[in-house]
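**Student:** Contents of input-v3.tsv (TSV, N, CA and C atoms) are given next:
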```tsv
chain	number	residue	atom	x	y	z
A	1	MET	N	18.98	-0.29	-15.63
A	1	MET	CA	17.88	0.13	-14.77
A	1	MET	C	18.18	-0.27	-13.33
A	2	ASN	N	17.80	0.60	-12.43
A	2	ASN	CA	17.99	0.35	-11.01
A	2	ASN	C	17.28	-0.94	-10.61
A	3	ASN	N	18.01	-1.81	-9.93
A	3	ASN	CA	17.48	-3.11	-9.51
A	3	ASN	C	16.24	-2.96	-8.63
A	4	ILE	N	16.23	-1.99	-7.73
A	4	ILE	CA	15.09	-1.78	-6.84
A	4	ILE	C	13.86	-1.36	-7.65
A	5	ILE	N	14.05	-0.49	-8.60
A	5	ILE	CA	12.92	-0.07	-9.46
A	5	ILE	C	12.34	-1.27	-10.19
A	6	GLN	N	13.22	-2.11	-10.75
A	6	GLN	CA	12.76	-3.31	-11.45
A	6	GLN	C	11.99	-4.23	-10.51
A	7	ARG	N	12.48	-4.38	-9.32
A	7	ARG	CA	11.82	-5.24	-8.33
A	7	ARG	C	10.45	-4.68	-7.96
A	8	LEU	N	10.35	-3.36	-7.80
A	8	LEU	CA	9.06	-2.74	-7.49
A	8	LEU	C	8.08	-2.87	-8.65
A	9	GLU	N	8.58	-2.77	-9.88
A	9	GLU	CA	7.72	-2.99	-11.05
A	9	GLU	C	7.19	-4.42	-11.06
A	10	ASN	N	8.04	-5.37	-10.72
A	10	ASN	CA	7.62	-6.78	-10.67
A	10	ASN	C	6.60	-7.01	-9.57
A	11	VAL	N	6.78	-6.35	-8.43
A	11	VAL	CA	5.82	-6.45	-7.33
A	11	VAL	C	4.45	-5.95	-7.80
A	12	LYS	N	4.46	-4.82	-8.48
A	12	LYS	CA	3.19	-4.24	-8.94
A	12	LYS	C	2.49	-5.18	-9.93
A	13	LYS	N	3.24	-5.80	-10.82
A	13	LYS	CA	2.65	-6.75	-11.78
A	13	LYS	C	2.08	-7.97	-11.05
A	14	LEU	N	2.84	-8.48	-10.10
A	14	LEU	CA	2.38	-9.68	-9.38
A	14	LEU	C	1.15	-9.38	-8.54
A	15	GLN	N	1.11	-8.23	-7.88
A	15	GLN	CA	-0.05	-7.92	-7.05
A	15	GLN	C	-1.31	-7.82	-7.88
A	16	ALA	N	-1.20	-7.33	-9.11
A	16	ALA	CA	-2.37	-7.24	-9.98
A	16	ALA	C	-2.89	-8.63	-10.35
A	17	LYS	N	-2.01	-9.61	-10.39
A	17	LYS	CA	-2.41	-10.97	-10.74
A	17	LYS	C	-3.12	-11.69	-9.59
A	18	ARG	N	-3.04	-11.12	-8.38
A	18	ARG	CA	-3.73	-11.77	-7.25
A	18	ARG	C	-5.21	-11.92	-7.53
A	19	TRP	N	-5.79	-10.94	-8.20
A	19	TRP	CA	-7.23	-10.94	-8.43
A	19	TRP	C	-7.65	-12.00	-9.43
A	20	ASP	N	-6.72	-12.40	-10.30
A	20	ASP	CA	-7.00	-13.45	-11.27
A	20	ASP	C	-6.69	-14.84	-10.71
A	21	ASN	N	-6.02	-14.88	-9.59
A	21	ASN	CA	-5.58	-16.16	-9.01
A	21	ASN	C	-5.96	-16.22	-7.54
A	22	GLU	N	-7.24	-16.05	-7.26
A	22	GLU	CA	-7.67	-15.98	-5.86
A	22	GLU	C	-7.43	-17.29	-5.11
A	23	ASP	N	-7.30	-18.40	-5.84
A	23	ASP	CA	-6.97	-19.67	-5.18
A	23	ASP	C	-5.58	-19.63	-4.56
A	24	HIS	N	-4.74	-18.73	-5.05
A	24	HIS	CA	-3.36	-18.61	-4.57
A	24	HIS	C	-3.12	-17.27	-3.87
A	25	TRP	N	-4.21	-16.65	-3.43
A	25	TRP	CA	-4.16	-15.32	-2.80
A	25	TRP	C	-3.12	-15.25	-1.68
A	26	ASP	N	-3.20	-16.19	-0.72
A	26	ASP	CA	-2.29	-16.15	0.43
A	26	ASP	C	-0.84	-16.35	0.01
A	27	GLU	N	-0.60	-17.28	-0.91
A	27	GLU	CA	0.77	-17.53	-1.36
A	27	GLU	C	1.35	-16.31	-2.08
A	28	ILE	N	0.54	-15.67	-2.89
A	28	ILE	CA	1.01	-14.48	-3.61
A	28	ILE	C	1.28	-13.35	-2.62
A	29	ASN	N	0.38	-13.16	-1.65
A	29	ASN	CA	0.62	-12.13	-0.64
A	29	ASN	C	1.92	-12.40	0.13
A	30	ASP	N	2.16	-13.67	0.48
A	30	ASP	CA	3.40	-14.01	1.17
A	30	ASP	C	4.63	-13.68	0.33
A	31	LEU	N	4.56	-13.98	-0.97
A	31	LEU	CA	5.67	-13.65	-1.88
A	31	LEU	C	5.88	-12.14	-1.97
A	32	LEU	N	4.79	-11.40	-2.07
A	32	LEU	CA	4.88	-9.94	-2.16
A	32	LEU	C	5.49	-9.35	-0.90
A	33	ILE	N	5.05	-9.81	0.25
A	33	ILE	CA	5.59	-9.29	1.50
A	33	ILE	C	7.07	-9.65	1.64
A	34	LYS	N	7.43	-10.86	1.28
A	34	LYS	CA	8.84	-11.27	1.34
A	34	LYS	C	9.70	-10.37	0.44
A	35	GLU	N	9.25	-10.13	-0.76
A	35	GLU	CA	10.01	-9.29	-1.69
A	35	GLU	C	10.11	-7.85	-1.18
A	36	LEU	N	9.01	-7.31	-0.70
A	36	LEU	CA	9.02	-5.93	-0.19
A	36	LEU	C	9.86	-5.81	1.08
A	37	ASP	N	9.83	-6.83	1.94
A	37	ASP	CA	10.70	-6.83	3.12
A	37	ASP	C	12.17	-6.82	2.71
A	38	GLU	N	12.51	-7.58	1.67
A	38	GLU	CA	13.90	-7.60	1.18
A	38	GLU	C	14.30	-6.24	0.62
A	39	ILE	N	13.40	-5.60	-0.12
A	39	ILE	CA	13.68	-4.26	-0.64
A	39	ILE	C	13.90	-3.29	0.51
A	40	LEU	N	13.07	-3.40	1.54
A	40	LEU	CA	13.19	-2.49	2.68
A	40	LEU	C	14.44	-2.76	3.52
A	41	LEU	N	14.99	-3.96	3.46
A	41	LEU	CA	16.27	-4.22	4.11
A	41	LEU	C	17.39	-3.45	3.40
A	42	ILE	N	17.28	-3.35	2.09
A	42	ILE	CA	18.28	-2.63	1.29
A	42	ILE	C	18.05	-1.12	1.37
A	43	GLU	N	16.80	-0.72	1.26
A	43	GLU	CA	16.43	0.70	1.28
A	43	GLU	C	15.29	0.91	2.28
A	44	PRO	N	15.61	1.04	3.57
A	44	PRO	CA	14.56	1.15	4.60
A	44	PRO	C	13.64	2.35	4.43
A	45	GLN	N	14.08	3.35	3.70
A	45	GLN	CA	13.25	4.55	3.53
A	45	GLN	C	12.62	4.63	2.14
A	46	ASN	N	12.51	3.50	1.48
A	46	ASN	CA	11.89	3.47	0.16
A	46	ASN	C	10.37	3.58	0.34
A	47	THR	N	9.86	4.78	0.06
A	47	THR	CA	8.43	5.02	0.32
A	47	THR	C	7.52	4.20	-0.59
A	48	SER	N	7.96	3.90	-1.80
A	48	SER	CA	7.13	3.06	-2.68
A	48	SER	C	6.94	1.68	-2.08
A	49	ALA	N	8.00	1.10	-1.56
A	49	ALA	CA	7.91	-0.22	-0.93
A	49	ALA	C	7.04	-0.15	0.33
A	50	LEU	N	7.19	0.92	1.11
A	50	LEU	CA	6.38	1.08	2.32
A	50	LEU	C	4.89	1.20	1.98
A	51	ILE	N	4.57	1.96	0.96
A	51	ILE	CA	3.18	2.14	0.55
A	51	ILE	C	2.60	0.82	0.04
A	52	ASN	N	3.38	0.09	-0.75
A	52	ASN	CA	2.90	-1.18	-1.29
A	52	ASN	C	2.70	-2.24	-0.22
A	53	ILE	N	3.63	-2.34	0.71
A	53	ILE	CA	3.47	-3.35	1.76
A	53	ILE	C	2.29	-2.97	2.66
A	54	GLY	N	2.07	-1.68	2.85
A	54	GLY	CA	0.90	-1.23	3.59
A	54	GLY	C	-0.39	-1.62	2.90
A	55	ALA	N	-0.41	-1.49	1.57
A	55	ALA	CA	-1.60	-1.87	0.80
A	55	ALA	C	-1.87	-3.37	0.91
A	56	ILE	N	-0.82	-4.17	0.85
A	56	ILE	CA	-0.99	-5.62	0.94
A	56	ILE	C	-1.50	-6.02	2.32
A	57	TYR	N	-0.91	-5.44	3.36
A	57	TYR	CA	-1.40	-5.76	4.71
A	57	TYR	C	-2.86	-5.33	4.87
A	58	SER	N	-3.24	-4.21	4.28
A	58	SER	CA	-4.63	-3.79	4.32
A	58	SER	C	-5.52	-4.82	3.63
A	59	ASP	N	-5.09	-5.27	2.46
A	59	ASP	CA	-5.86	-6.27	1.71
A	59	ASP	C	-6.01	-7.58	2.51
A	60	MET	N	-5.06	-7.84	3.39
A	60	MET	CA	-5.09	-9.06	4.21
A	60	MET	C	-5.89	-8.84	5.50
A	61	GLY	N	-6.38	-7.61	5.71
A	61	GLY	CA	-7.15	-7.32	6.91
A	61	GLY	C	-6.29	-6.98	8.11
A	62	GLU	N	-4.99	-6.81	7.92
A	62	GLU	CA	-4.07	-6.48	9.00
A	62	GLU	C	-3.83	-4.97	9.01
A	63	ASN	N	-4.87	-4.25	9.42
A	63	ASN	CA	-4.86	-2.79	9.27
A	63	ASN	C	-3.92	-2.06	10.21
A	64	GLU	N	-3.69	-2.58	11.41
A	64	GLU	CA	-2.73	-1.95	12.32
A	64	GLU	C	-1.33	-1.98	11.70
A	65	THR	N	-0.95	-3.11	11.15
A	65	THR	CA	0.35	-3.25	10.50
A	65	THR	C	0.41	-2.36	9.26
A	66	ALA	N	-0.66	-2.35	8.49
A	66	ALA	CA	-0.72	-1.51	7.30
A	66	ALA	C	-0.50	-0.05	7.67
A	67	LEU	N	-1.19	0.39	8.72
A	67	LEU	CA	-1.09	1.78	9.15
A	67	LEU	C	0.34	2.15	9.56
A	68	GLU	N	1.03	1.23	10.21
A	68	GLU	CA	2.43	1.49	10.61
A	68	GLU	C	3.30	1.78	9.39
A	69	TYR	N	3.19	0.95	8.36
A	69	TYR	CA	3.99	1.16	7.15
A	69	TYR	C	3.60	2.45	6.43
A	70	LEU	N	2.31	2.69	6.33
A	70	LEU	CA	1.85	3.89	5.63
A	70	LEU	C	2.24	5.16	6.36
A	71	GLU	N	2.15	5.15	7.68
A	71	GLU	CA	2.55	6.33	8.45
A	71	GLU	C	4.05	6.58	8.34
A	72	LYS	N	4.83	5.51	8.22
A	72	LYS	CA	6.28	5.68	8.04
A	72	LYS	C	6.55	6.39	6.71
A	73	ALA	N	5.84	5.98	5.65
A	73	ALA	CA	6.00	6.64	4.34
A	73	ALA	C	5.58	8.10	4.43
A	74	LEU	N	4.51	8.36	5.16
A	74	LEU	CA	4.04	9.73	5.34
A	74	LEU	C	5.08	10.56	6.08
A	75	ASN	N	5.64	10.01	7.16
A	75	ASN	CA	6.65	10.72	7.95
A	75	ASN	C	7.94	10.94	7.17
A	76	LEU	N	8.19	10.11	6.16
A	76	LEU	CA	9.37	10.30	5.30
A	76	LEU	C	9.12	11.34	4.22
A	77	GLY	N	7.90	11.87	4.15
A	77	GLY	CA	7.61	12.96	3.23
A	77	GLY	C	7.04	12.56	1.89
A	78	SER	N	6.55	11.32	1.77
A	78	SER	CA	5.98	10.89	0.49
A	78	SER	C	4.80	11.78	0.11
A	79	GLU	N	4.73	12.11	-1.16
A	79	GLU	CA	3.63	12.91	-1.72
A	79	GLU	C	2.78	12.08	-2.68
A	80	ASP	N	2.93	10.77	-2.62
A	80	ASP	CA	2.24	9.86	-3.54
A	80	ASP	C	0.73	9.81	-3.26
A	81	LYS	N	-0.04	9.96	-4.31
A	81	LYS	CA	-1.50	9.91	-4.19
A	81	LYS	C	-1.96	8.60	-3.54
A	82	ASN	N	-1.33	7.48	-3.92
A	82	ASN	CA	-1.75	6.19	-3.37
A	82	ASN	C	-1.51	6.09	-1.87
A	83	LEU	N	-0.53	6.80	-1.35
A	83	LEU	CA	-0.32	6.82	0.10
A	83	LEU	C	-1.55	7.38	0.80
A	84	PHE	N	-2.03	8.52	0.33
A	84	PHE	CA	-3.16	9.18	0.99
A	84	PHE	C	-4.46	8.38	0.82
A	85	ILE	N	-4.63	7.77	-0.34
A	85	ILE	CA	-5.81	6.92	-0.55
A	85	ILE	C	-5.74	5.69	0.36
A	86	ASN	N	-4.57	5.07	0.43
A	86	ASN	CA	-4.42	3.87	1.27
A	86	ASN	C	-4.61	4.20	2.75
A	87	LEU	N	-4.10	5.35	3.19
A	87	LEU	CA	-4.33	5.76	4.57
A	87	LEU	C	-5.83	5.89	4.85
A	88	SER	N	-6.56	6.46	3.90
A	88	SER	CA	-8.01	6.61	4.06
A	88	SER	C	-8.70	5.26	4.14
A	89	ILE	N	-8.31	4.35	3.26
A	89	ILE	CA	-8.92	3.02	3.23
A	89	ILE	C	-8.69	2.30	4.56
A	90	VAL	N	-7.46	2.33	5.04
A	90	VAL	CA	-7.14	1.65	6.30
A	90	VAL	C	-7.94	2.26	7.44
A	91	MET	N	-8.06	3.58	7.46
A	91	MET	CA	-8.81	4.23	8.55
A	91	MET	C	-10.30	3.91	8.49
A	92	VAL	N	-10.85	3.76	7.31
A	92	VAL	CA	-12.25	3.34	7.19
A	92	VAL	C	-12.40	1.93	7.78
A	93	TYR	N	-11.51	1.03	7.38
A	93	TYR	CA	-11.59	-0.34	7.89
A	93	TYR	C	-11.37	-0.41	9.40
A	94	MET	N	-10.61	0.54	9.95
A	94	MET	CA	-10.36	0.57	11.38
A	94	MET	C	-11.47	1.32	12.13
A	95	GLU	N	-12.47	1.77	11.36
A	95	GLU	CA	-13.63	2.48	11.89
A	95	GLU	C	-13.24	3.76	12.62
A	96	ARG	N	-12.28	4.46	12.04
A	96	ARG	CA	-11.89	5.76	12.58
A	96	ARG	C	-12.96	6.79	12.24
A	97	HIS	N	-12.91	7.92	12.91
A	97	HIS	CA	-13.87	9.00	12.67
A	97	HIS	C	-13.66	9.54	11.25
A	98	PRO	N	-14.76	9.80	10.51
A	98	PRO	CA	-14.64	10.27	9.13
A	98	PRO	C	-13.74	11.49	8.94
A	99	GLU	N	-13.70	12.39	9.90
A	99	GLU	CA	-12.83	13.56	9.76
A	99	GLU	C	-11.37	13.15	9.60
A	100	GLU	N	-10.99	12.05	10.24
A	100	GLU	CA	-9.60	11.59	10.17
A	100	GLU	C	-9.21	11.18	8.75
A	101	TYR	N	-10.09	10.45	8.07
A	101	TYR	CA	-9.70	9.99	6.74
A	101	TYR	C	-10.14	10.93	5.62
A	102	HIS	N	-11.13	11.77	5.86
A	102	HIS	CA	-11.53	12.73	4.82
A	102	HIS	C	-10.40	13.68	4.47
A	103	GLU	N	-9.62	14.05	5.47
A	103	GLU	CA	-8.48	14.94	5.23
A	103	GLU	C	-7.49	14.30	4.25
A	104	TYR	N	-7.24	13.01	4.40
A	104	TYR	CA	-6.33	12.32	3.49
A	104	TYR	C	-6.92	12.23	2.08
A	105	LEU	N	-8.23	12.01	1.99
A	105	LEU	CA	-8.86	11.96	0.67
A	105	LEU	C	-8.78	13.31	-0.03
A	106	GLU	N	-8.98	14.38	0.72
A	106	GLU	CA	-8.86	15.71	0.13
A	106	GLU	C	-7.44	15.99	-0.31
A	107	THR	N	-6.47	15.58	0.47
A	107	THR	CA	-5.07	15.76	0.11
A	107	THR	C	-4.74	14.98	-1.16
A	108	ALA	N	-5.30	13.79	-1.28
A	108	ALA	CA	-5.02	12.92	-2.44
A	108	ALA	C	-5.46	13.56	-3.75
A	109	GLU	N	-6.51	14.38	-3.71
A	109	GLU	CA	-7.03	14.98	-4.94
A	109	GLU	C	-5.98	15.77	-5.71
A	110	ASP	N	-5.06	16.41	-5.00
A	110	ASP	CA	-4.06	17.26	-5.64
A	110	ASP	C	-2.73	16.55	-5.88
A	111	LYS	N	-2.67	15.26	-5.61
A	111	LYS	CA	-1.42	14.52	-5.73
A	111	LYS	C	-1.39	13.69	-7.02
A	112	THR	N	-0.20	13.23	-7.34
A	112	THR	CA	0.02	12.38	-8.51
A	112	THR	C	0.37	10.97	-8.04
A	113	GLU	N	-0.14	9.99	-8.75
A	113	GLU	CA	0.11	8.59	-8.41
A	113	GLU	C	1.50	8.18	-8.88
A	114	ASP	N	2.28	7.61	-7.98
A	114	ASP	CA	3.59	7.06	-8.32
A	114	ASP	C	3.36	5.78	-9.13
A	115	PRO	N	4.01	5.66	-10.29
A	115	PRO	CA	3.78	4.46	-11.12
A	115	PRO	C	4.28	3.16	-10.47
A	116	LEU	N	5.04	3.25	-9.39
A	116	LEU	CA	5.55	2.05	-8.73
A	116	LEU	C	4.70	1.61	-7.55
A	117	THR	N	3.61	2.35	-7.26
A	117	THR	CA	2.76	1.99	-6.12
A	117	THR	C	1.36	1.61	-6.58
A	118	PHE	N	0.59	1.06	-5.64
A	118	PHE	CA	-0.78	0.67	-5.97
A	118	PHE	C	-1.69	0.92	-4.78
A	119	LYS	N	-2.97	0.91	-5.06
A	119	LYS	CA	-3.99	1.16	-4.04
A	119	LYS	C	-4.39	-0.16	-3.36
A	120	ALA	N	-4.73	-0.04	-2.09
A	120	ALA	CA	-5.33	-1.16	-1.37
A	120	ALA	C	-6.75	-1.35	-1.91
A	121	TYR	N	-7.25	-2.56	-1.78
A	121	TYR	CA	-8.61	-2.84	-2.20
A	121	TYR	C	-9.59	-2.20	-1.20
A	122	PHE	N	-10.65	-1.65	-1.74
A	122	PHE	CA	-11.69	-1.08	-0.86
A	122	PHE	C	-13.05	-1.56	-1.34
A	123	ASP	N	-13.79	-2.15	-0.43
A	123	ASP	CA	-15.15	-2.59	-0.70
A	123	ASP	C	-16.11	-1.64	-0.02
A	124	PRO	N	-16.73	-0.72	-0.78
A	124	PRO	CA	-17.62	0.26	-0.17
A	124	PRO	C	-18.85	-0.36	0.49
A	125	ASN	N	-19.20	-1.57	0.12
A	125	ASN	CA	-20.36	-2.23	0.71
A	125	ASN	C	-20.07	-2.89	2.06
A	126	SER	N	-18.79	-2.92	2.42
A	126	SER	CA	-18.45	-3.59	3.67
A	126	SER	C	-18.57	-2.64	4.87
A	127	HIS	N	-18.80	-1.33	4.59
A	127	HIS	CA	-18.90	-0.36	5.70
A	127	HIS	C	-20.11	0.51	5.54
```
Let's see the structure in the file written out as structure tokens.
**Tutor:**
Amino acid sequence: MNNIIQRLENVKKLQAKRWDNEDHWDEINDLLIKELDEILLIEPQNTSALINIGAIYSDMGENETALEYLEKALNLGSEDKNLFINLSIVMVYMERHPEEYHEYLETAEDKTEDPLTFKAYFDPNSH
């Protein structure tokens, strides 16, 4: 199996455990970012890694950074459903105009989720 694919699978498993280990939230996020940065050093155009690191930065409240990674994945031609959902989430948190993120949500409806990526957390009560 491709080493990068295995590493992305491990990232996805670890990110899911953040919710069960909120006492270690920051440490787990740091580990995830370090691993994804290493993957991106090897494969700078790996859209799965770009989408995942964008989701983590969004979860950390660093939406400008998240948007940079997500837009890079978009510009590389990713068709992943989670990319469009994550772009929408980040834009809501950045208080962008609804027309800006509704387009991404509509696009996401017709897309398929990449099994190596995940969605950023969204709290509908926070906005």
**Student:** Expressed in Å to a single decimal, how great is the separation between CA of Ser88 (chain A) and atom N of Glu100 (chain A)?
**Tutor:**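 Separation of CA of Ser88 (chain A) and atom N of Glu100 (chain A): 8.8 Å.
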**Student:** Just how far from CA of Pro124 (chain A) is CA of Asp30 (chain A), in Å to one decimal?
**Tutor:** 25.4 Å
**Student:** Pick out the closest residue to Asp80 (chain A) from this set: A:Asp37, A:Glu113, A:Asp59, A:Glu103. Count all atoms listed in the file.
**Tutor:**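 Under the stated criterion, the closest residue is A:Glu113.
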**Student:** Kindly give the distance, in Å, that separates CA of Ala120 (chain A) and CA of Asn86 (chain A), rounded to a single decimal.
**Tutor:**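 Pair CA of Ala120 (chain A) / CA of Asn86 (chain A) returns 5.8 Å.
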**Student:** Check the smallest atom-to-atom distance from each of A:Ile42, A:Leu32, A:Ala66, A:Val90 to Ala16 (chain A) using only C-alpha atoms, then report the winner.
**Tutor:** A:Leu32
**Student:** Would you kindly return, as an MDAnalysis selection string, each protein, DNA or RNA residue with an atom no farther than 8 Å from any atom of Tyr57 (chain A), considering all atoms listed in the file and excluding same-chain residues fewer than 3 positions away?
**Tutor:** chainID A and resid 29 33 51:54 60:67 120
